[in-house]
Amino acid sequence: MWESLAPVGRGPHNAITDVAGVLVGHYQRLSEGWATGTTVVMTPGGAVGGVDIGGGAPGTRETDLLAPSAMVERIHAICLTGGSAYGLAAADGVMCWLSEHGIGLSVGDEPHEVVPIVPAAVLFDLKHNAWGHRPDASFGYEACAAASEGPVAEGTVGAGTGATAGPVKGGIGTASVVLENDFTVGALVALNARGHAVDPRTGVPYAIGFGLDDEFAVWQPPHASDVEAAHDRLQAAAKMPKLNTTLAVVATDAVLTKAECTVLASVAQDGVARAVRPTHTLFDGDLVFALATGTRRLELQSTDAYAAGPSRAALVNDLAAAGADTVSRAVVRAVLAASTVGSSAAYRDLFPTSFVGNRA
């Protein structure tokens, strides 16, 4: 039987942008009356996509195109945004920016005759904003203008600006892994869960054990005094937001089909479930997009899924398992990187002794 490939380590940025062909941009407004934003995961060269919806309250656009039976094969960006259903307007700005740069599905004889394919999903952050303050097309446009293939800002940025994780501030987190066969898998999460990402009894993030090497070396279990001080906040379910949604994108540089991308997205939902409790509730629109940029081919020794050498099924399985673990790590990174916004207290402020150097 083929044995699963172990991770070699993190990518150079420990971000989804370590996957060749993926860029990320954020735009947010965080001032009086504003705490919301948009994050764009862009694939200018196109990518095969998939999606899995795990929660009962999703807000989406163009996700039907990701079904294996749908005609369109490649997408050009994914838009994650605050603003609940209103925020879907941000995807208009993404389409506008891509169109101006000639990126999209060709529908005519001229280079500018393109239709960008931009699936989108929203999270609920309206209560952190004055009513009427929500992302519009300008948010998507500016997020595209800021997109790059380098390091990705985490915490209270982009779609994570007004996000929460139960009674703790949520935000953007990202991570990557390189497997033994040199395939790269990356994930980006906008953590806005109804459930907890932190164990109320100990102050320990549920998925901290998924860290690679010294990824979370800056963290240590918080002192009992921090846990006691945060007890009421962490236990008070009445203070938990009632409308939420955790959004994620998992990407790989492998050549995958739409059906295989759907598997990648489905398995990556396990990464959310390991890191957030409870998850996939009727109040969450939990959703995972998957992208395959296809810069590395699957070199197979056998087409038999049970053969001794690496079959396509075995390699896809490895990529999917790595995606789930990477999503879990990205959730933890979102929690640790977030900063306090209004009454939504960040983990770093609730548990200051959990950061190395802060404990007396």
# chains A, B, ... in the order shown; residues from 1 in each chain; ligands from 1
>>> closest_atom_pairs(of="segment 135-250 of chain A", to="segment 87-107 of chain A", cutoff="9 Å", atoms="only C-alpha atoms", output="Markdown table")
| residue | atom | partner | partner_atom | distance |
| --- | --- | --- | --- | --- |
| A:Pro135 | CA | A:Gly87 | CA | 5.0 |
| A:Asp136 | CA | A:Ala90 | CA | 4.7 |
| A:Ala137 | CA | A:Gly93 | CA | 4.1 |
| A:Ser138 | CA | A:Gly93 | CA | 5.7 |
| A:Phe139 | CA | A:Ala90 | CA | 5.7 |
| A:Gly140 | CA | A:Ala90 | CA | 4.5 |
| A:Tyr141 | CA | A:Gly93 | CA | 4.3 |
| A:Glu142 | CA | A:Gly93 | CA | 7.9 |
| A:Ala143 | CA | A:Val94 | CA | 7.8 |
| A:Cys144 | CA | A:Val94 | CA | 6.3 |
| A:Ala145 | CA | A:Trp97 | CA | 7.6 |
>>> residues_around(residues="segment 169-185 of chain A", least_positions_apart="5", cutoff="8 Å", atoms="only C-alpha atoms", output="count of residues only")
57
>>> residues_around(residues="Ser69 of chain A", least_positions_apart="3", cutoff="9 Å", atoms="only C-alpha atoms", output="JSON, numbers by chain")
{"A": [65, 66, 258, 259]}
>>> closest_residue(among="A:Gly54, A:Gly203, A:Pro119, A:Gly21", to="Val272 of chain A", atoms="only C-alpha atoms")
A:Gly54
>>> closest_residue(among="A:Gln220, A:Gln28, A:Thr63, A:Thr81", to="Phe289 of chain A", atoms="only C-alpha atoms")
A:Thr63
>>> select_by_dssp(residues="segment 65-213 of chain A", states="strand (DSSP E or B)", output="ChimeraX atom specification")
/A:75-81,105-106,114-115,120-122,148,155,164-165,168-169,171-179,184-191,196,198,205
>>> closest_residue(among="A:Gly82, A:Pro12, A:Pro310, A:Pro352", to="Thr60 of chain A", atoms="only C-alpha atoms")
A:Gly82
>>> select_by_dssp(residues="segment 58-113 of chain A", states="alpha helix (DSSP H)", output="NGL selection string")
:A and (90-100)
>>> closest_residue(among="A:Ser225, A:Gln235, A:Ser328, A:Ser311", to="Pro205 of chain A", atoms="only C-alpha atoms")
A:Ser328
>>> residues_around(residues="Val316 of chain A", least_positions_apart="3", cutoff="8 Å", atoms="only C-alpha atoms", output="CSV table (one decimal) with N, CA and C atoms, in the first residue's frame")
chain,number,residue,atom,x,y,z
A,260,GLU,N,-11.8,16.7,-8.3
A,260,GLU,CA,-10.7,16.5,-7.3
A,260,GLU,C,-10.6,17.8,-6.4
A,264,LEU,N,-10.9,18.2,-2.4
A,264,LEU,CA,-10.0,19.0,-1.6
A,264,LEU,C,-10.7,20.0,-0.7
A,312,ARG,N,-2.9,8.2,-8.6
A,312,ARG,CA,-3.5,9.5,-8.6
A,312,ARG,C,-4.4,9.7,-7.3
A,313,ALA,N,-5.2,8.7,-7.0
A,313,ALA,CA,-6.1,8.7,-5.9
A,313,ALA,C,-5.3,8.9,-4.6
A,319,LEU,N,-2.9,15.4,-0.8
A,319,LEU,CA,-3.1,16.8,-0.9
A,319,LEU,C,-4.3,17.3,0.0
A,320,ALA,N,-5.3,16.5,0.0
A,320,ALA,CA,-6.5,16.8,0.7
A,320,ALA,C,-6.2,16.8,2.2
>>> residues_around(residues="Pro221 of chain A", least_positions_apart="6", cutoff="10 Å", atoms="only C-alpha atoms", output="ChimeraX atom specification")
/A:202-205,227,351,353-356
>>> write_last_selection(atoms="N, CA and C atoms", output="PDB file, in the first residue's frame")
ATOM      1  N   THR A 202      -9.014  26.115  29.410  1.00  0.00           N
ATOM      2  CA  THR A 202      -7.559  26.243  29.495  1.00  0.00           C
ATOM      3  C   THR A 202      -6.997  27.469  28.789  1.00  0.00           C
ATOM      4  N   GLY A 203      -7.780  28.095  27.902  1.00  0.00           N
ATOM      5  CA  GLY A 203      -7.263  29.201  27.117  1.00  0.00           C
ATOM      6  C   GLY A 203      -6.366  28.754  25.981  1.00  0.00           C
ATOM      7  N   VAL A 204      -6.350  27.463  25.667  1.00  0.00           N
ATOM      8  CA  VAL A 204      -5.489  26.911  24.617  1.00  0.00           C
ATOM      9  C   VAL A 204      -6.279  26.798  23.312  1.00  0.00           C
ATOM     10  N   PRO A 205      -5.787  27.339  22.204  1.00  0.00           N
ATOM     11  CA  PRO A 205      -6.463  27.142  20.918  1.00  0.00           C
ATOM     12  C   PRO A 205      -6.583  25.655  20.604  1.00  0.00           C
ATOM     13  N   VAL A 227      -6.617  32.697  32.525  1.00  0.00           N
ATOM     14  CA  VAL A 227      -7.776  31.845  32.277  1.00  0.00           C
ATOM     15  C   VAL A 227      -8.911  32.209  33.229  1.00  0.00           C
ATOM     16  N   PHE A 351      -5.238  36.808  26.972  1.00  0.00           N
ATOM     17  CA  PHE A 351      -4.241  35.868  27.479  1.00  0.00           C
ATOM     18  C   PHE A 351      -2.820  36.385  27.211  1.00  0.00           C
ATOM     19  N   THR A 353      -0.172  36.350  28.930  1.00  0.00           N
ATOM     20  CA  THR A 353       0.933  35.487  29.364  1.00  0.00           C
ATOM     21  C   THR A 353       1.169  34.328  28.426  1.00  0.00           C
ATOM     22  N   SER A 354       0.290  34.152  27.422  1.00  0.00           N
ATOM     23  CA  SER A 354       0.498  33.058  26.472  1.00  0.00           C
ATOM     24  C   SER A 354       1.539  33.410  25.412  1.00  0.00           C
ATOM     25  N   PHE A 355       1.964  34.658  25.376  1.00  0.00           N
ATOM     26  CA  PHE A 355       2.981  35.063  24.410  1.00  0.00           C
ATOM     27  C   PHE A 355       4.337  35.138  25.106  1.00  0.00           C
ATOM     28  N   VAL A 356       5.297  34.389  24.578  1.00  0.00           N
ATOM     29  CA  VAL A 356       6.620  34.286  25.168  1.00  0.00           C
ATOM     30  C   VAL A 356       7.198  35.684  25.371  1.00  0.00           C
TER      31      VAL A 356
END
>>> residues_around(residues="Pro68 of chain A", least_positions_apart="6", cutoff="12 Å", atoms="only C-alpha atoms", output="list in words")
Val48, Gly49, Gly50, Val51, Arg74, Leu256, Thr257, Lys258, Ala259, Glu260, Cys261, Thr262 and Val263 of chain A
